[in-house]
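Heads up: the structure comes next, in structure tokens.
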Amino acid sequence: MSESLDLHLALAETELENPVLPYLRQDRIPHIWCPGCGIGTSVNCFCRALTDSGLDLDKVAIVSGIGCTGRTAGYLNLDSFHTTHGRAIPFATGLKLGNPDLNVVVYSGDGDLFAIGGNHFFHAARRNMDILVICVNNFTYGMTGGQVAPTTPVGPTQTTMPLGNFESPFNLPFIADACGATYVSRWTVYHVRQLAKAMKEALNKKGFRFIEVMSPCPTLYSRRNRLGDGVDQVKYYKENSVIKNGADTKDIGLGYQGEIVVGKFVDRERATWLESMNDHFSKVLGDQFKPYGGKPEGV
Amino acid sequence: MSAEETTRKGKGTVFVRMEVCKGCSYCIDFCPTHALDFSKEFNQKGYHFPVLNRAEDCTGCDLCGLFCPDFAIFGARWKDLDEKRQKTATPVEP
């Protein structure tokens with residue numbers, strides 16, 4: 001054994017522990033994510049955002065769908081639920097309306113939120129349901145074997161497109177903006193500090209908040225297209241990303257290995273579904289109606 | 001002065017849980033001062049984990065800790081560690 005290893009063994013015996021460990025279910029770590037996958041980095045940023053936000057962790061609930069990113073709910077030591085495929089947002093909606101004190105976070109992948117769960121996403125954003133949606137976008141269906149996802153850009157080879165994909169991808173921040181989300185931002189796993197800051201900001205905001213996190217999939221997307229390892233993709237994010245806060249969301253679509261526009265695009269105020277309902281029924285029914293869930297607006 | 005303090009070189013240091021490291025090299029490639037290297041040894045899963053080969057360059061900025069997808073590494077400044085140690089030591093001393 002070398003000297004460096006001895007030093008590290010000595011350090012491991014000290015009582016210090018990684019600041020993220022209290023947020024994780026230790027019996028389930030190490031996780032199943034591949035070496036070089038960025039989902040772990042995004043979870044790391046989320047844990048630090050929770051620390052910084054100063055929220056009561058008993059009032060934070062996390063909901064995931066199916067997929068690689070969907071496993072997040074199983075690893076975080078919060079109130080968490082792993083729902084059926086694509087139904088993370090409907091479950092979160094029910095959770096929020098059942099207990100309006102909760103801060104509900106949906107943590108899922110692009111395939112789950114925008115393919116099978118696309119419709120739910122649009123309507124939750126339209127209604128301005130008070131939830132935070134974090135979408136880890138790796139441009140493919142990772143867990144099922146690398147099929148074409150609604151976010152796969154035109155060009156790369158996938159299992160179901162062996163000659164290259166020709167379908168136009170979704171522009172996720174544009175969808176969220178058009179549907180009426182109150183907070184929309186996009187970061188990559190290279191921008192860890194900005195991502196943690198954005199998550200903290202979004203956790204303390206009201207309304208339907210959406211954060212897209214670009215993450216490499218080294219095992220399927222990168223390997224099949226000979227893009228190198230996970231770290232090579234993150235280097236590409238580093239070299240090709242441009243920070244444009246407040247950019248028009250319709251101009252920020254992603255091409256294959258092209259320029260990436262990151263930043264905070266939308267930050268606005270809108271009455272949430274619960275506030276609108278309380279407002280409306282108070283107007284229509286008058287004193288007969290008791291507002292539900294916390295204080296109504298203006299009281 | 002403890003043995004640890006005599007070996008202090010930079011402004012900070014890193015702590016590695018090498019048994020959960022998967023050798024993705026995020027911390028090594030994105031360290032702002034390039035203080036980390038892959039180890040020559042393997043961990044129990046057969047991955048090379050990071051070691052602090054240039055300890056004098058480490059600032060304890062904890063960027064490696066933010067990048068790590070496996071929650072295996074984090075950095076800390078000696079200054080903060082000393083403060084923490086003093087806080088925990090105070091109730092024992094009297």
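Ordering of the structure tokens sets the chain letters (A, B, ...); residue numbers start at 1 within each chain; ligands are numbered from 1 in the order shown.
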Cut-off 6 Å: closest chain A/chain B atom pairs per residue, using only C-alpha atoms, as a tab-separated table:
residue	atom	partner	partner_atom	distance
A:Pro30	CA	B:Val20	CA	5.9
A:Pro35	CA	B:Cys24	CA	5.1
A:Gly36	CA	B:Cys24	CA	4.7
A:Gly40	CA	B:Pro69	CA	3.7
A:Thr41	CA	B:Pro69	CA	4.2
Check your understanding: Where in chain B does DSSP assign helix (DSSP H, G or I), given as number ranges by chain?
Key -> B: 3-6, 18-20, 26-30, 55-57, 63-67, 78-89
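Taking CA of Asp112 (chain A) and CA of Arg209 (chain A) as the two end points, the separation is 17.1 Å.
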Check your understanding: Counting only C-alpha atoms, what is within 7 Å of Met214 (chain A), bar same-chain residues fewer than 6 positions away, as a count of residues only?
Key -> 6
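For the pair CA of Cys135 (chain A) and CA of Gly109 (chain A), the interatomic distance is 5.2 Å.
Around region 262-267 of chain A, within 8 Å and counting only C-alpha atoms, the residues found are Pro173, Asp177, Ala181, Thr182, Tyr183, Val184, Ser185, Arg186, Trp187, Thr188, Ala198, Ser241, Val242, Ile243, Lys244, Asn245, Gly246, Ala247, Asp248 and Thr249 of chain A, once anything fewer than 3 positions away on its own chain is removed.
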Exercise for review: For Ala124 (chain A), list every protein, DNA or RNA residue within 9 Å, evaluated using only C-alpha atoms, and leave out those in the same chain fewer than 2 positions away; present the list as a PyMOL selection string.
Suggested key: chain A and resi 89-90+93+119-122+126-131+179+181+208
Review point. Could you pull out the strand (DSSP E or B) residues of region 84-158 of chain A from DSSP and send them as a PyMOL selection string?
Key: chain A and resi 103-109+131-137+140-141+147-148+158
Output file for the selection above: N, CA, C and O atoms, as a short mmCIF file (atom, residue, chain, number, x, y, z; two decimals), in the first residue's frame:
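Dumped everything to result.cif:
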data_model
loop_
_atom_site.label_atom_id
_atom_site.label_comp_id
_atom_site.auth_asym_id
_atom_site.auth_seq_id
_atom_site.Cartn_x
_atom_site.Cartn_y
_atom_site.Cartn_z
N ASN A 103 -43.84 21.32 0.06
CA ASN A 103 -43.12 21.83 -1.10
C ASN A 103 -42.82 20.60 -1.96
O ASN A 103 -41.98 19.78 -1.62
N VAL A 104 -43.56 20.44 -3.05
CA VAL A 104 -43.48 19.20 -3.83
C VAL A 104 -42.52 19.38 -5.00
O VAL A 104 -42.61 20.34 -5.75
N VAL A 105 -41.60 18.44 -5.12
CA VAL A 105 -40.61 18.46 -6.19
C VAL A 105 -40.78 17.22 -7.06
O VAL A 105 -40.85 16.11 -6.53
N VAL A 106 -40.92 17.42 -8.36
CA VAL A 106 -40.94 16.29 -9.29
C VAL A 106 -39.56 16.19 -9.91
O VAL A 106 -39.07 17.15 -10.49
N TYR A 107 -38.92 15.05 -9.74
CA TYR A 107 -37.55 14.86 -10.21
C TYR A 107 -37.58 13.69 -11.18
O TYR A 107 -37.69 12.55 -10.77
N SER A 108 -37.52 13.98 -12.46
CA SER A 108 -37.65 12.87 -13.39
C SER A 108 -36.91 13.16 -14.69
O SER A 108 -36.33 14.22 -14.86
N GLY A 109 -36.95 12.20 -15.59
CA GLY A 109 -36.18 12.33 -16.82
C GLY A 109 -37.01 12.86 -17.96
O GLY A 109 -38.22 13.07 -17.84
N ILE A 131 -45.77 23.31 -8.11
CA ILE A 131 -44.75 22.28 -7.95
C ILE A 131 -43.48 22.68 -8.70
O ILE A 131 -43.52 23.47 -9.63
N LEU A 132 -42.36 22.12 -8.25
CA LEU A 132 -41.08 22.33 -8.94
C LEU A 132 -40.78 21.08 -9.74
O LEU A 132 -40.77 19.98 -9.20
N VAL A 133 -40.57 21.24 -11.04
CA VAL A 133 -40.24 20.10 -11.90
C VAL A 133 -38.78 20.20 -12.33
O VAL A 133 -38.39 21.18 -12.96
N ILE A 134 -37.99 19.21 -11.96
CA ILE A 134 -36.60 19.14 -12.39
C ILE A 134 -36.50 18.02 -13.40
O ILE A 134 -36.82 16.87 -13.10
N CYS A 135 -36.13 18.35 -14.62
CA CYS A 135 -36.06 17.36 -15.69
C CYS A 135 -34.60 17.14 -16.05
O CYS A 135 -33.94 18.06 -16.53
N VAL A 136 -34.08 15.95 -15.82
CA VAL A 136 -32.72 15.63 -16.24
C VAL A 136 -32.79 15.10 -17.66
O VAL A 136 -33.37 14.05 -17.91
N ASN A 137 -32.25 15.87 -18.58
CA ASN A 137 -32.37 15.56 -20.00
C ASN A 137 -31.08 14.92 -20.50
O ASN A 137 -30.05 15.57 -20.57
N THR A 140 -32.07 10.56 -24.39
CA THR A 140 -32.33 9.17 -24.78
C THR A 140 -33.13 8.47 -23.69
O THR A 140 -33.28 9.01 -22.59
N TYR A 141 -33.66 7.31 -24.00
CA TYR A 141 -34.25 6.46 -22.96
C TYR A 141 -33.13 5.60 -22.41
O TYR A 141 -32.75 4.61 -23.04
N GLN A 147 -33.41 4.00 -26.80
CA GLN A 147 -34.32 4.31 -27.90
C GLN A 147 -34.42 5.82 -28.11
O GLN A 147 -33.97 6.60 -27.29
N VAL A 148 -35.01 6.21 -29.24
CA VAL A 148 -35.17 7.64 -29.54
C VAL A 148 -36.19 8.25 -28.58
O VAL A 148 -37.29 7.73 -28.42
N GLN A 158 -29.47 5.92 -32.71
CA GLN A 158 -30.05 5.35 -31.50
C GLN A 158 -30.49 3.93 -31.82
O GLN A 158 -30.51 3.53 -32.99
#
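Here the question is which of A:Gly253, A:Gly38, A:Gly111, A:Gly180 gets nearest to Gly65 (chain A) using only C-alpha atoms, and that residue is A:Gly111.
Take the candidates A:Cys37, A:Ile29, A:Ile175, A:Leu163 and check each one against Asn77 (chain A) using only C-alpha atoms; the shortest distance goes to A:Ile29.
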Practice item. For Gly145 (chain A), work out the shell of residues within 12 Å, counting only C-alpha atoms and skipping chain neighbours fewer than 3 positions away, then give it as a PyMOL selection string. Key: chain A and resi 67-68+140-142+148-149+158-160+217+219-221+224
Preceding selection exported with N, CA, C and O atoms as a compact mmCIF listing (two decimals), in the first residue's frame:
# COMPACT_ATOMS: atom_id res chain seq x y z
N GLY A 67 -37.51 5.47 -14.86
CA GLY A 67 -36.32 5.75 -15.65
C GLY A 67 -35.11 5.87 -14.76
O GLY A 67 -35.21 5.72 -13.54
N CYS A 68 -33.97 6.14 -15.37
CA CYS A 68 -32.75 6.29 -14.57
C CYS A 68 -32.94 7.41 -13.56
O CYS A 68 -32.68 7.24 -12.37
N THR A 140 -32.07 10.56 -24.39
CA THR A 140 -32.33 9.17 -24.78
C THR A 140 -33.13 8.47 -23.69
O THR A 140 -33.28 9.01 -22.59
N TYR A 141 -33.66 7.31 -24.00
CA TYR A 141 -34.25 6.46 -22.96
C TYR A 141 -33.13 5.60 -22.41
O TYR A 141 -32.75 4.61 -23.04
N GLY A 142 -32.59 5.98 -21.26
CA GLY A 142 -31.41 5.29 -20.75
C GLY A 142 -31.71 3.90 -20.24
O GLY A 142 -31.04 2.93 -20.60
N VAL A 148 -35.01 6.21 -29.24
CA VAL A 148 -35.17 7.64 -29.54
C VAL A 148 -36.19 8.25 -28.58
O VAL A 148 -37.29 7.73 -28.42
N ALA A 149 -35.80 9.34 -27.95
CA ALA A 149 -36.68 10.05 -27.02
C ALA A 149 -37.20 11.31 -27.70
O ALA A 149 -36.68 11.70 -28.74
N GLN A 158 -29.47 5.92 -32.71
CA GLN A 158 -30.05 5.35 -31.50
C GLN A 158 -30.49 3.93 -31.82
O GLN A 158 -30.51 3.53 -32.99
N THR A 159 -30.88 3.17 -30.80
CA THR A 159 -31.26 1.78 -31.03
C THR A 159 -32.39 1.68 -32.05
O THR A 159 -32.37 0.82 -32.93
N THR A 160 -33.38 2.56 -31.93
CA THR A 160 -34.52 2.48 -32.83
C THR A 160 -34.33 3.34 -34.08
O THR A 160 -35.22 3.44 -34.91
N CYS A 217 -25.19 10.74 -21.10
CA CYS A 217 -25.50 9.32 -20.92
C CYS A 217 -24.35 8.54 -21.56
O CYS A 217 -24.37 8.28 -22.75
N THR A 219 -23.23 5.50 -21.37
CA THR A 219 -23.36 4.09 -21.76
C THR A 219 -24.13 3.93 -23.06
O THR A 219 -23.84 3.03 -23.84
N LEU A 220 -25.14 4.76 -23.28
CA LEU A 220 -25.97 4.56 -24.47
C LEU A 220 -25.79 5.66 -25.50
O LEU A 220 -25.37 5.41 -26.61
N TYR A 221 -26.10 6.89 -25.13
CA TYR A 221 -26.08 7.98 -26.11
C TYR A 221 -24.65 8.26 -26.58
O TYR A 221 -24.37 8.29 -27.78
N ARG A 224 -22.79 5.00 -28.29
CA ARG A 224 -23.34 4.63 -29.58
C ARG A 224 -22.94 5.64 -30.66
O ARG A 224 -22.83 5.31 -31.83
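In this structure, CA of Asp229 (chain A) sits 21.3 Å away from CA of Cys45 (chain A).
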